[in-house]
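Okay, coords.cif now, which holds mmCIF, C-alpha atoms:
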data_structure
#
loop_
_atom_site.label_atom_id
_atom_site.label_comp_id
_atom_site.auth_asym_id
_atom_site.auth_seq_id
_atom_site.Cartn_x
_atom_site.Cartn_y
_atom_site.Cartn_z
CA MET A 1 -17.44 21.10 -5.05
CA ALA A 2 -14.97 21.03 -2.15
CA GLU A 3 -11.53 21.91 -3.52
CA LEU A 4 -10.10 22.96 -0.19
CA VAL A 5 -7.62 20.07 0.01
CA ASP A 6 -4.71 19.36 -2.33
CA PHE A 7 -4.20 15.61 -1.91
CA SER A 8 -0.75 15.77 -3.50
CA SER A 9 0.56 18.60 -1.33
CA GLU A 10 3.19 18.00 1.30
CA THR A 11 0.98 19.90 3.75
CA PHE A 12 -1.70 17.22 3.43
CA LEU A 13 0.73 14.28 3.33
CA ARG A 14 2.71 15.50 6.33
CA ASP A 15 -0.40 15.72 8.50
CA PRO A 16 -3.63 14.49 6.85
CA GLN A 17 -5.74 15.16 9.95
CA LYS A 18 -6.50 18.81 9.25
CA GLY A 19 -7.47 18.18 5.62
CA VAL A 20 -9.60 15.18 6.54
CA ALA A 21 -11.43 17.14 9.24
CA LEU A 22 -12.09 19.97 6.79
CA LEU A 23 -13.63 17.60 4.27
CA ARG A 24 -15.63 15.75 6.92
CA SER A 25 -17.19 19.03 8.06
CA SER A 26 -18.79 19.22 4.58
CA GLY A 27 -20.43 15.81 4.88
CA PRO A 28 -19.84 12.03 4.93
CA VAL A 29 -19.34 12.02 1.15
CA VAL A 30 -17.91 15.11 -0.54
CA ALA A 31 -17.51 16.14 -4.18
CA THR A 32 -13.92 17.19 -4.81
CA LYS A 33 -11.10 17.13 -7.35
CA PHE A 34 -8.37 14.48 -7.33
CA PRO A 35 -5.09 14.67 -9.26
CA ILE A 36 -5.20 13.00 -12.72
CA LEU A 37 -8.68 11.57 -12.08
CA GLY A 38 -10.47 14.93 -11.90
CA ARG A 39 -13.85 15.47 -10.26
CA LEU A 40 -15.32 12.72 -8.13
CA TRP A 41 -16.75 11.99 -4.67
CA VAL A 42 -14.70 10.93 -1.64
CA THR A 43 -15.93 9.41 1.59
CA THR A 44 -14.95 11.15 4.84
CA THR A 45 -16.25 8.80 7.56
CA TYR A 46 -15.58 5.23 8.64
CA GLU A 47 -19.13 4.08 7.91
CA ALA A 48 -19.35 5.65 4.44
CA THR A 49 -15.91 4.30 3.53
CA ALA A 50 -16.79 0.78 4.68
CA ARG A 51 -20.08 0.88 2.79
CA VAL A 52 -18.45 1.84 -0.52
CA LEU A 53 -15.84 -0.89 -0.11
CA LYS A 54 -18.32 -3.59 0.93
CA ASP A 55 -21.15 -2.92 -1.51
CA SER A 56 -19.49 -4.29 -4.63
CA THR A 57 -22.81 -4.41 -6.48
CA THR A 58 -23.61 -0.69 -6.19
CA PHE A 59 -20.01 0.57 -6.31
CA THR A 60 -18.03 -1.25 -9.00
CA LEU A 61 -14.51 -0.94 -10.36
CA ARG A 62 -15.76 -1.38 -13.91
CA LYS A 63 -18.42 0.42 -15.91
CA GLU A 64 -21.22 -1.46 -17.65
CA GLY A 65 -19.07 -2.01 -20.74
CA GLY A 66 -16.18 -3.38 -18.69
CA SER A 67 -13.87 -0.36 -18.89
CA LEU A 68 -11.87 0.51 -15.78
CA VAL A 69 -13.26 3.47 -13.82
CA GLY A 70 -9.91 4.91 -12.75
CA LEU A 71 -8.28 4.88 -16.18
CA PRO A 72 -8.66 8.15 -18.12
CA TRP A 73 -9.25 7.81 -21.88
CA TRP A 74 -5.86 9.35 -22.65
CA MET A 75 -3.89 6.87 -20.54
CA PRO A 76 -1.52 4.68 -22.63
CA LYS A 77 -2.73 1.14 -23.37
CA LEU A 78 0.30 -0.26 -21.56
CA ILE A 79 -0.96 1.06 -18.23
CA GLY A 80 -4.40 -0.32 -18.95
CA ALA A 81 -2.95 -3.75 -19.65
CA LEU A 82 -0.95 -3.86 -16.41
CA ALA A 83 -3.90 -2.42 -14.45
CA ASN A 84 -6.08 -5.29 -15.63
CA ASN A 85 -5.59 -7.35 -12.45
CA MET A 86 -7.64 -8.73 -9.59
CA LEU A 87 -7.41 -5.44 -7.68
CA THR A 88 -9.40 -3.76 -10.43
CA MET A 89 -11.82 -6.64 -11.12
CA ASP A 90 -15.42 -7.06 -10.05
CA GLU A 91 -16.97 -10.48 -9.54
CA PRO A 92 -16.69 -13.16 -10.80
CA ASP A 93 -13.27 -12.38 -12.30
CA HIS A 94 -11.91 -11.09 -9.00
CA THR A 95 -12.49 -14.38 -7.20
CA ARG A 96 -11.29 -16.40 -10.21
CA LEU A 97 -7.90 -14.67 -10.08
CA ARG A 98 -7.61 -14.33 -6.30
CA ASP A 99 -8.22 -18.03 -5.71
CA ILE A 100 -5.12 -18.87 -7.76
CA VAL A 101 -2.73 -17.14 -5.33
CA ASP A 102 -4.80 -17.18 -2.15
CA GLU A 103 -3.16 -20.27 -0.65
CA ALA A 104 0.30 -18.66 -0.56
CA PHE A 105 -1.02 -15.83 1.62
CA ARG A 106 -3.10 -17.83 4.10
CA ARG A 107 -2.30 -17.33 7.77
CA ARG A 108 -0.52 -20.66 8.31
CA ALA A 109 1.68 -20.22 5.24
CA VAL A 110 2.65 -16.70 6.27
CA MET A 111 3.25 -17.64 9.91
CA ASP A 112 5.64 -20.36 8.72
CA MET A 113 7.63 -17.63 6.97
CA GLU A 114 8.12 -15.50 10.08
CA PRO A 115 11.53 -16.90 11.19
CA HIS A 116 12.90 -16.41 7.68
CA ILE A 117 11.51 -12.87 7.49
CA ARG A 118 13.11 -12.07 10.83
CA ALA A 119 16.44 -13.44 9.59
CA ILE A 120 16.29 -11.17 6.53
CA ALA A 121 15.42 -8.20 8.76
CA ASP A 122 18.34 -9.01 11.12
CA ARG A 123 20.76 -9.08 8.19
CA LEU A 124 19.46 -5.79 6.79
CA ALA A 125 19.64 -4.15 10.23
CA ASP A 126 23.27 -5.28 10.59
CA GLU A 127 24.07 -3.73 7.19
CA LEU A 128 22.18 -0.47 7.73
CA PHE A 129 25.30 1.68 8.11
CA ALA A 130 27.58 -0.36 5.84
CA ALA A 131 27.71 2.47 3.30
CA GLY A 132 28.19 5.15 5.94
CA SER A 133 26.30 7.28 8.43
CA PRO A 134 23.75 8.78 8.33
CA ALA A 135 21.87 6.12 6.41
CA ASP A 136 18.60 6.54 4.53
CA LEU A 137 16.34 4.08 6.31
CA VAL A 138 13.83 4.07 3.44
CA GLN A 139 16.25 2.80 0.78
CA ARG A 140 18.61 0.82 3.02
CA TYR A 141 16.02 -0.98 5.13
CA ALA A 142 12.28 -0.26 4.78
CA ARG A 143 12.29 -0.91 1.03
CA MET A 144 14.66 -3.86 1.06
CA LEU A 145 12.83 -6.10 3.54
CA PRO A 146 9.40 -6.39 1.84
CA LEU A 147 11.08 -6.48 -1.57
CA ALA A 148 13.26 -9.42 -0.53
CA VAL A 149 10.25 -11.29 0.86
CA ILE A 150 7.95 -10.80 -2.14
CA CYS A 151 10.74 -11.64 -4.61
CA GLU A 152 11.28 -14.95 -2.82
CA LEU A 153 7.54 -15.62 -2.79
CA LEU A 154 7.31 -14.95 -6.51
CA GLY A 155 10.52 -16.79 -7.36
CA LEU A 156 12.35 -13.78 -8.81
CA PRO A 157 16.18 -13.62 -8.74
CA SER A 158 17.66 -11.51 -5.95
CA ALA A 159 20.14 -10.03 -8.45
CA ASP A 160 17.25 -8.31 -10.24
CA ARG A 161 16.04 -6.31 -7.23
CA PRO A 162 17.71 -3.04 -8.32
CA LYS A 163 15.34 -3.10 -11.33
CA PHE A 164 12.35 -3.28 -9.01
CA ILE A 165 13.67 -0.43 -6.86
CA ALA A 166 14.02 1.78 -9.95
CA TRP A 167 10.45 0.89 -10.93
CA ALA A 168 9.15 1.71 -7.44
CA ASP A 169 10.95 5.05 -7.52
CA SER A 170 9.30 5.92 -10.84
CA ILE A 171 5.87 5.32 -9.30
CA GLY A 172 6.76 7.31 -6.20
CA ASN A 173 7.72 10.31 -8.33
CA LEU A 174 4.43 10.43 -10.23
CA ASN A 175 3.66 14.09 -9.60
CA ASN A 176 4.44 15.85 -12.90
CA ALA A 177 4.77 15.27 -16.66
CA PHE A 178 8.40 14.16 -16.39
CA GLY A 179 7.51 11.72 -13.64
CA PHE A 180 4.73 10.33 -15.83
CA LEU A 181 7.15 9.75 -18.71
CA ARG A 182 9.56 7.97 -16.35
CA LEU A 183 6.66 5.83 -15.18
CA ILE A 184 5.75 4.78 -18.72
CA SER A 185 9.36 3.90 -19.51
CA GLY A 186 9.72 1.93 -16.27
CA MET A 187 6.46 0.02 -16.83
CA MET A 188 7.47 -0.94 -20.38
CA LYS A 189 10.71 -2.41 -19.05
CA MET A 190 8.95 -4.20 -16.22
CA ARG A 191 6.37 -5.71 -18.56
CA ARG A 192 9.08 -7.07 -20.86
CA TYR A 193 11.00 -8.40 -17.87
CA LEU A 194 7.99 -10.15 -16.32
CA LYS A 195 6.96 -11.72 -19.63
CA ALA A 196 10.50 -13.08 -19.93
CA ARG A 197 10.45 -14.51 -16.38
CA LEU A 198 7.15 -16.24 -17.06
CA GLN A 199 8.61 -17.74 -20.24
CA VAL A 200 11.62 -19.03 -18.29
CA ALA A 201 9.21 -20.70 -15.85
CA ARG A 202 7.30 -22.28 -18.75
CA GLU A 203 10.50 -23.72 -20.19
CA GLN A 204 12.47 -24.57 -17.06
CA GLY A 205 9.99 -24.75 -14.19
CA GLY A 206 10.99 -23.30 -10.84
CA GLU A 207 9.73 -22.37 -7.40
CA GLY A 208 7.39 -19.64 -6.19
CA LEU A 209 4.16 -18.06 -7.35
CA ILE A 210 5.38 -17.49 -10.91
CA ALA A 211 5.87 -21.24 -11.30
CA GLU A 212 2.42 -21.77 -9.76
CA LEU A 213 0.84 -19.40 -12.29
CA VAL A 214 2.48 -21.35 -15.11
CA ARG A 215 1.14 -24.60 -13.67
CA VAL A 216 -2.39 -23.14 -13.55
CA GLU A 217 -2.00 -21.87 -17.11
CA LYS A 218 -1.04 -25.34 -18.32
CA GLU A 219 -4.15 -26.79 -16.68
CA GLY A 220 -6.12 -24.47 -18.97
CA GLY A 221 -8.69 -21.73 -18.80
CA ARG A 222 -8.36 -20.01 -15.43
CA ILE A 223 -5.87 -17.27 -16.36
CA THR A 224 -4.70 -15.69 -19.60
CA PRO A 225 -1.06 -14.85 -20.45
CA ASP A 226 -1.77 -11.10 -20.11
CA GLU A 227 -3.48 -11.68 -16.76
CA MET A 228 -0.40 -13.57 -15.57
CA VAL A 229 1.86 -10.60 -16.32
CA SER A 230 -0.59 -8.24 -14.58
CA MET A 231 -0.83 -10.58 -11.58
CA VAL A 232 2.93 -10.69 -11.04
CA PHE A 233 3.15 -6.93 -11.57
CA LEU A 234 0.45 -6.38 -8.94
CA LEU A 235 1.95 -8.76 -6.38
CA LEU A 236 5.41 -7.30 -6.80
CA GLY A 237 4.18 -3.73 -6.34
CA ALA A 238 1.48 -4.26 -3.70
CA GLY A 239 3.65 -6.77 -1.86
CA SER A 240 6.51 -4.35 -1.38
CA GLU A 241 5.58 -0.71 -1.88
CA THR A 242 2.90 -0.18 0.76
CA THR A 243 4.78 -2.17 3.41
CA THR A 244 7.87 -0.06 2.69
CA HIS A 245 5.94 3.05 3.72
CA LEU A 246 4.36 1.34 6.72
CA ILE A 247 7.84 0.48 8.04
CA SER A 248 9.41 3.88 7.35
CA GLY A 249 6.38 5.74 8.71
CA SER A 250 6.38 3.62 11.87
CA VAL A 251 10.09 4.17 12.49
CA PHE A 252 9.64 7.91 11.95
CA GLU A 253 6.90 8.08 14.57
CA LEU A 254 9.02 6.14 17.07
CA LEU A 255 12.07 8.32 16.50
CA LYS A 256 10.05 11.52 16.84
CA ASP A 257 9.27 10.43 20.40
CA PRO A 258 12.08 8.29 21.91
CA ALA A 259 9.84 7.45 24.86
CA ARG A 260 7.63 5.46 22.50
CA ARG A 261 10.68 3.74 21.05
CA ASP A 262 11.90 2.80 24.52
CA TRP A 263 8.44 1.56 25.52
CA LEU A 264 8.35 -0.80 22.56
CA VAL A 265 11.94 -2.00 22.99
CA ALA A 266 11.21 -2.86 26.63
CA ASP A 267 8.64 -5.52 25.67
CA TRP A 268 8.37 -6.86 22.15
CA SER A 269 5.14 -8.71 22.95
CA ARG A 270 3.55 -5.27 22.37
CA ALA A 271 4.66 -5.20 18.74
CA GLY A 272 1.38 -6.55 17.36
CA LEU A 273 -0.64 -3.80 19.04
CA ALA A 274 1.85 -1.18 17.93
CA VAL A 275 1.76 -2.26 14.28
CA GLU A 276 -2.05 -2.11 14.26
CA GLU A 277 -1.87 1.48 15.46
CA PHE A 278 0.78 2.36 12.90
CA LEU A 279 -1.46 0.92 10.20
CA ARG A 280 -4.23 3.24 11.37
CA PHE A 281 -2.18 6.34 12.14
CA VAL A 282 0.39 6.24 9.33
CA SER A 283 -2.22 5.08 6.76
CA PRO A 284 0.23 4.35 3.90
CA VAL A 285 -2.67 3.65 1.53
CA GLN A 286 -4.94 6.67 1.73
CA PHE A 287 -7.55 5.95 -0.93
CA SER A 288 -9.13 2.98 -2.65
CA LYS A 289 -9.36 2.65 -6.41
CA PRO A 290 -12.19 4.83 -7.81
CA ARG A 291 -15.55 3.12 -8.16
CA TYR A 292 -18.50 3.59 -10.49
CA VAL A 293 -21.97 4.20 -9.04
CA ARG A 294 -24.28 1.69 -10.75
CA HIS A 295 -27.58 3.30 -9.70
CA ASP A 296 -28.83 6.31 -7.78
CA VAL A 297 -28.05 5.78 -4.10
CA ASP A 298 -28.20 7.61 -0.79
CA VAL A 299 -25.03 7.38 1.30
CA ASP A 300 -25.66 8.72 4.79
CA GLY A 301 -27.90 11.49 3.45
CA VAL A 302 -25.79 12.33 0.40
CA LYS A 303 -27.38 11.44 -2.95
CA LEU A 304 -25.05 9.95 -5.56
CA LYS A 305 -26.28 9.45 -9.11
CA LYS A 306 -25.73 6.59 -11.51
CA GLY A 307 -22.48 7.22 -13.39
CA ASP A 308 -20.82 9.19 -10.58
CA ARG A 309 -17.35 8.15 -9.44
CA VAL A 310 -16.46 7.72 -5.79
CA MET A 311 -13.27 6.89 -3.88
CA ALA A 312 -13.23 5.35 -0.42
CA MET A 313 -10.94 7.60 1.64
CA ILE A 314 -9.22 5.10 3.90
CA VAL A 315 -7.23 7.72 5.81
CA ALA A 316 -10.49 9.51 6.66
CA ALA A 317 -12.00 6.28 8.01
CA ASN A 318 -8.90 5.71 10.13
CA LEU A 319 -9.11 9.23 11.57
CA ASP A 320 -12.86 9.22 12.22
CA PRO A 321 -13.64 9.99 15.90
CA GLN A 322 -16.84 7.94 15.56
CA ALA A 323 -14.69 4.86 14.95
CA ASN A 324 -11.79 5.49 17.36
CA GLU A 325 -11.65 7.77 20.36
CA GLY A 326 -9.02 10.49 20.00
CA PRO A 327 -7.96 9.41 16.49
CA GLU A 328 -5.49 12.30 16.23
CA ARG A 329 -3.44 10.64 19.00
CA LEU A 330 -0.89 7.90 18.29
CA ASP A 331 -1.73 5.33 20.97
CA LEU A 332 0.39 2.18 20.67
CA GLU A 333 -1.86 0.38 23.19
CA ARG A 334 -5.14 1.24 21.43
CA ARG A 335 -7.87 -1.34 21.95
CA PRO A 336 -10.08 -1.80 20.06
CA ASN A 337 -8.52 -0.43 16.90
CA ARG A 338 -11.07 0.05 14.11
CA HIS A 339 -9.06 0.83 11.02
CA LEU A 340 -9.52 0.10 7.33
CA ALA A 341 -5.85 0.09 6.38
CA PHE A 342 -6.39 -3.20 4.54
CA GLY A 343 -9.79 -2.24 3.17
CA THR A 344 -12.84 -4.47 3.61
CA GLY A 345 -15.21 -6.47 1.44
CA ILE A 346 -14.13 -8.69 -1.44
CA HIS A 347 -10.96 -6.65 -2.01
CA PHE A 348 -9.71 -6.96 1.58
CA CYS A 349 -5.93 -7.00 1.26
CA LEU A 350 -4.63 -10.44 0.30
CA GLY A 351 -1.28 -9.77 2.02
CA HIS A 352 -2.55 -8.36 5.32
CA GLN A 353 -0.93 -11.09 7.43
CA LEU A 354 2.33 -10.76 5.58
CA ALA A 355 2.41 -6.98 5.99
CA ARG A 356 1.75 -7.27 9.73
CA ILE A 357 4.54 -9.81 10.23
CA GLU A 358 6.98 -7.81 8.13
CA GLY A 359 6.14 -4.70 10.15
CA MET A 360 6.74 -6.46 13.46
CA CYS A 361 9.94 -8.17 12.29
CA ALA A 362 11.27 -4.92 10.82
CA LEU A 363 10.79 -2.95 14.03
CA GLN A 364 12.14 -5.66 16.33
CA ALA A 365 15.23 -6.37 14.24
CA LEU A 366 16.01 -2.68 13.75
CA PHE A 367 15.70 -1.57 17.37
CA THR A 368 17.28 -4.72 18.78
CA ARG A 369 20.37 -4.01 16.71
CA TRP A 370 20.21 -0.21 17.12
CA PRO A 371 18.31 0.51 20.36
CA ARG A 372 19.43 4.17 20.43
CA LEU A 373 18.69 4.88 16.78
CA LYS A 374 18.03 8.57 16.10
CA LEU A 375 16.92 10.87 13.31
CA ALA A 376 19.86 12.64 11.68
CA VAL A 377 17.71 15.75 11.09
CA GLU A 378 14.84 17.48 12.82
CA PRO A 379 11.41 15.90 12.18
CA ALA A 380 10.26 19.06 10.37
CA GLN A 381 13.01 18.49 7.78
CA ILE A 382 11.60 15.13 6.70
CA HIS A 383 9.77 15.34 3.38
CA TRP A 384 6.99 13.32 1.80
CA ARG A 385 6.83 12.44 -1.87
CA ARG A 386 3.98 14.28 -3.52
CA ARG A 387 2.27 11.13 -4.69
CA PRO A 388 -1.53 11.40 -4.22
CA GLY A 389 -3.14 8.34 -2.65
CA ILE A 390 0.01 6.92 -1.04
CA ARG A 391 1.74 8.44 2.00
CA MET A 392 5.47 7.89 1.55
CA ILE A 393 8.49 9.45 3.22
CA ALA A 394 11.04 10.48 0.60
CA GLU A 395 14.16 9.92 2.76
CA LEU A 396 14.62 9.08 6.44
CA PRO A 397 18.25 9.78 7.45
CA VAL A 398 19.19 8.05 10.71
CA VAL A 399 22.27 7.64 12.90
CA ALA A 400 23.12 4.91 15.40
CA GLY A 401 22.86 7.14 18.46
CA GLY A 402 24.86 7.05 21.67
#
Translate the structure of the given file into structure tokens.
Amino acid sequence: MAELVDFSSETFLRDPQKGVALLRSSGPVVATKFPILGRLWVTTTYEATARVLKDSTTFTLRKEGGSLVGLPWWMPKLIGALANNMLTMDEPDHTRLRDIVDEAFRRRAVMDMEPHIRAIADRLADELFAAGSPADLVQRYARMLPLAVICELLGLPSADRPKFIAWADSIGNLNNAFGFLRLISGMMKMRRYLKARLQVAREQGGEGLIAELVRVEKEGGRITPDEMVSMVFLLLGAGSETTTHLISGSVFELLKDPARRDWLVADWSRAGLAVEEFLRFVSPVQFSKPRYVRHDVDVDGVKLKKGDRVMAMIVAANLDPQANEGPERLDLERRPNRHLAFGTGIHFCLGHQLARIEGMCALQALFTRWPRLKLAVEPAQIHWRRRPGIRMIAELPVVAGG
């Protein structure tokens, strides 16, 4: 049992490379202890991670009886209800639910949104210092852009966004008993809110994915009322939270080394390459959901038994020297770039195109408006929230620069 790494420690979240290398030295799959979930296996290489994510027959999100692997017995039923979404479904339910919303996230649909996303980013960049300087880039910019986009996609009122920010903060602070209680309270409020919004759509119609879910419901059979609430909850969270931390992490890396910032500002055609490297290097999502081992299996020489639990360690795959040369180096021109930031297999991230475009628009709008943007504190003074599984900067104070 390798308990050498505390996945919720700021030491690990500040610089995952050392912890990942330590685990990898013990093998491609390592038995360890993870906060809340307890003892399980984690993958430490690109190949082992990809295999666990792709082999959805051997490694499943549900046990034989249908219970969710990553939900401890003592977890309140409310969390189980909201967690009952396509991200935690095996086939055929996963495809049944994903097909309902897939069209809205296809490449052409997302590409058509790019000018509007850029306009939102331009407005937010203009307003960055409206409340004073220094400004917290996380709350004033990185959080607001993806939240605005996903709310429009869903058809949620812009006036309600402060509610979603409070909910996101409760998840980000899930590192102690008090944080857990805040999370439960926030999820109860969100569930009531989302049920009410779905009812409004049933009675009055509307635009966006919520209205589309109601239309599908009326056609009969493909989605239940509880699944609709869980779907909106998932899209709202996954569509904003991880991209928030991609944007803030990317800006932090650029401001740590102004030469990189200047290189990117000099030619924005490089933005696509840069965002791919930020996805790999920042790794906002560090682990997959835990999976259940359906039968005894050998993973690169490590024997897992039926009933074991395993998590695909995405950050380890992204930092594997067998996948990318010099993975400890941030190389904004890296080609090829073999990362698993969006996962792989049937659960490959539905919003990958949207996240990429939001990342590019966010960086270009920010540094076009504030080309000399600087950190207001030393890099060592930046702190990460101690939230295992997600790498999130707590606050990123910035000033306009000279």
What are the centre and edge lengths in Å, to one decimal, of the axis-aligned box around all listed atoms of stretch 32-51 of chain A with 3 Å added on each side, as JSON?
{"center_x": -12.6, "center_y": 9.0, "center_z": -2.0, "size_x": 21.0, "size_y": 22.4, "size_z": 27.4}
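For the atom pair formed by atom CA of A:Thr60 and atom CA of A:Arg291, the distance is 5.1 Å, given to one decimal.
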- Item | Residue list as a list of chain:residue names for point (0.2, -2.9, -2.0), cut-off 10 Å, only C-alpha atoms | A:Leu87, A:Leu234, A:Leu235, A:Leu236, A:Gly237, A:Ala238, A:Gly239, A:Ser240, A:Glu241, A:Thr242, A:Thr243, A:Thr244, A:Pro284, A:Val285, A:Phe342, A:Cys349, A:Leu350, A:Gly351, A:His352, A:Ala355, A:Ile390
- Query: What residues come out when you apply the PyMOL selection byres ((chain A and resi 217) around 12) to this file, written as number ranges by chain?
  - Reply: A: 97, 100, 198-199, 201-202, 210-216, 218-229
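Counting only C-alpha atoms and comparing A:Ala317, A:Ala400, A:Lys63, A:Phe348, the residue that lies closest to A:Ala130 is A:Ala400.
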- Query: Exactly which residues make up the result of the PyMOL selection byres ((chain A and resi 33) around 10) on this file, given as a PyMOL selection string?
  - Reply: chain A and resi 1-7+30-32+34-42
- Task: Taking the file above as input, evaluate the PyMOL selection byres ((chain A and resi 111) around 12) and report the hits as a PyMOL selection string.
- Result: chain A and resi 104-110+112-118+352-358+361
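The point (2.8, 8.2, 7.8) has these residues within 9 Å of it, counting all atoms listed in the file: Leu13, Arg14, Asp15, His245, Leu246, Ser248, Gly249, Ser250, Phe252, Glu253, Phe278, Leu279, Phe281, Val282, Ser283, Pro284, Trp384, Arg391, Met392 and Ile393 of chain A.
Here atom CA of A:Leu156 is placed at a distance of 18.7 Å from atom CA of A:Asp102.
The spacing separating atom CA of A:Ala362 from atom CA of A:Arg270 amounts to 13.9 Å.
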- Message: List the spatial neighbours of stretch 45-58 of chain A as a ChimeraX atom specification - criterion: any atom at most 9 Å away, only C-alpha atoms, same-chain residues fewer than 4 positions off excluded.
- Response: /A:24,27-29,90-91,288,291-297,299-300,310-314,316-323,338-340,343-348
Based on the selection just made, write C-alpha atoms of those residues as a CSV table (one decimal), keeping the file's coordinate frame.
chain,number,residue,atom,x,y,z
A,24,ARG,CA,-15.6,15.8,6.9
A,27,GLY,CA,-20.4,15.8,4.9
A,28,PRO,CA,-19.8,12.0,4.9
A,29,VAL,CA,-19.3,12.0,1.2
A,90,ASP,CA,-15.4,-7.1,-10.0
A,91,GLU,CA,-17.0,-10.5,-9.5
A,288,SER,CA,-9.1,3.0,-2.6
A,291,ARG,CA,-15.6,3.1,-8.2
A,292,TYR,CA,-18.5,3.6,-10.5
A,293,VAL,CA,-22.0,4.2,-9.0
A,294,ARG,CA,-24.3,1.7,-10.8
A,295,HIS,CA,-27.6,3.3,-9.7
A,296,ASP,CA,-28.8,6.3,-7.8
A,297,VAL,CA,-28.0,5.8,-4.1
A,299,VAL,CA,-25.0,7.4,1.3
A,300,ASP,CA,-25.7,8.7,4.8
A,310,VAL,CA,-16.5,7.7,-5.8
A,311,MET,CA,-13.3,6.9,-3.9
A,312,ALA,CA,-13.2,5.4,-0.4
A,313,MET,CA,-10.9,7.6,1.6
A,314,ILE,CA,-9.2,5.1,3.9
A,316,ALA,CA,-10.5,9.5,6.7
A,317,ALA,CA,-12.0,6.3,8.0
A,318,ASN,CA,-8.9,5.7,10.1
A,319,LEU,CA,-9.1,9.2,11.6
A,320,ASP,CA,-12.9,9.2,12.2
A,321,PRO,CA,-13.6,10.0,15.9
A,322,GLN,CA,-16.8,7.9,15.6
A,323,ALA,CA,-14.7,4.9,15.0
A,338,ARG,CA,-11.1,0.0,14.1
A,339,HIS,CA,-9.1,0.8,11.0
A,340,LEU,CA,-9.5,0.1,7.3
A,343,GLY,CA,-9.8,-2.2,3.2
A,344,THR,CA,-12.8,-4.5,3.6
A,345,GLY,CA,-15.2,-6.5,1.4
A,346,ILE,CA,-14.1,-8.7,-1.4
A,347,HIS,CA,-11.0,-6.6,-2.0
A,348,PHE,CA,-9.7,-7.0,1.6
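Of the residues under consideration (A:Ala365, A:Leu183, A:Ala259, A:Leu71), A:Ala365 shows the shortest atom-to-atom contact distance to A:Ala142 when counting only C-alpha atoms.
Closest approach to A:Ser8 among A:Gly389, A:Pro379, A:Pro146, A:Gly272 is made by A:Gly389 (distances from all atoms listed in the file).
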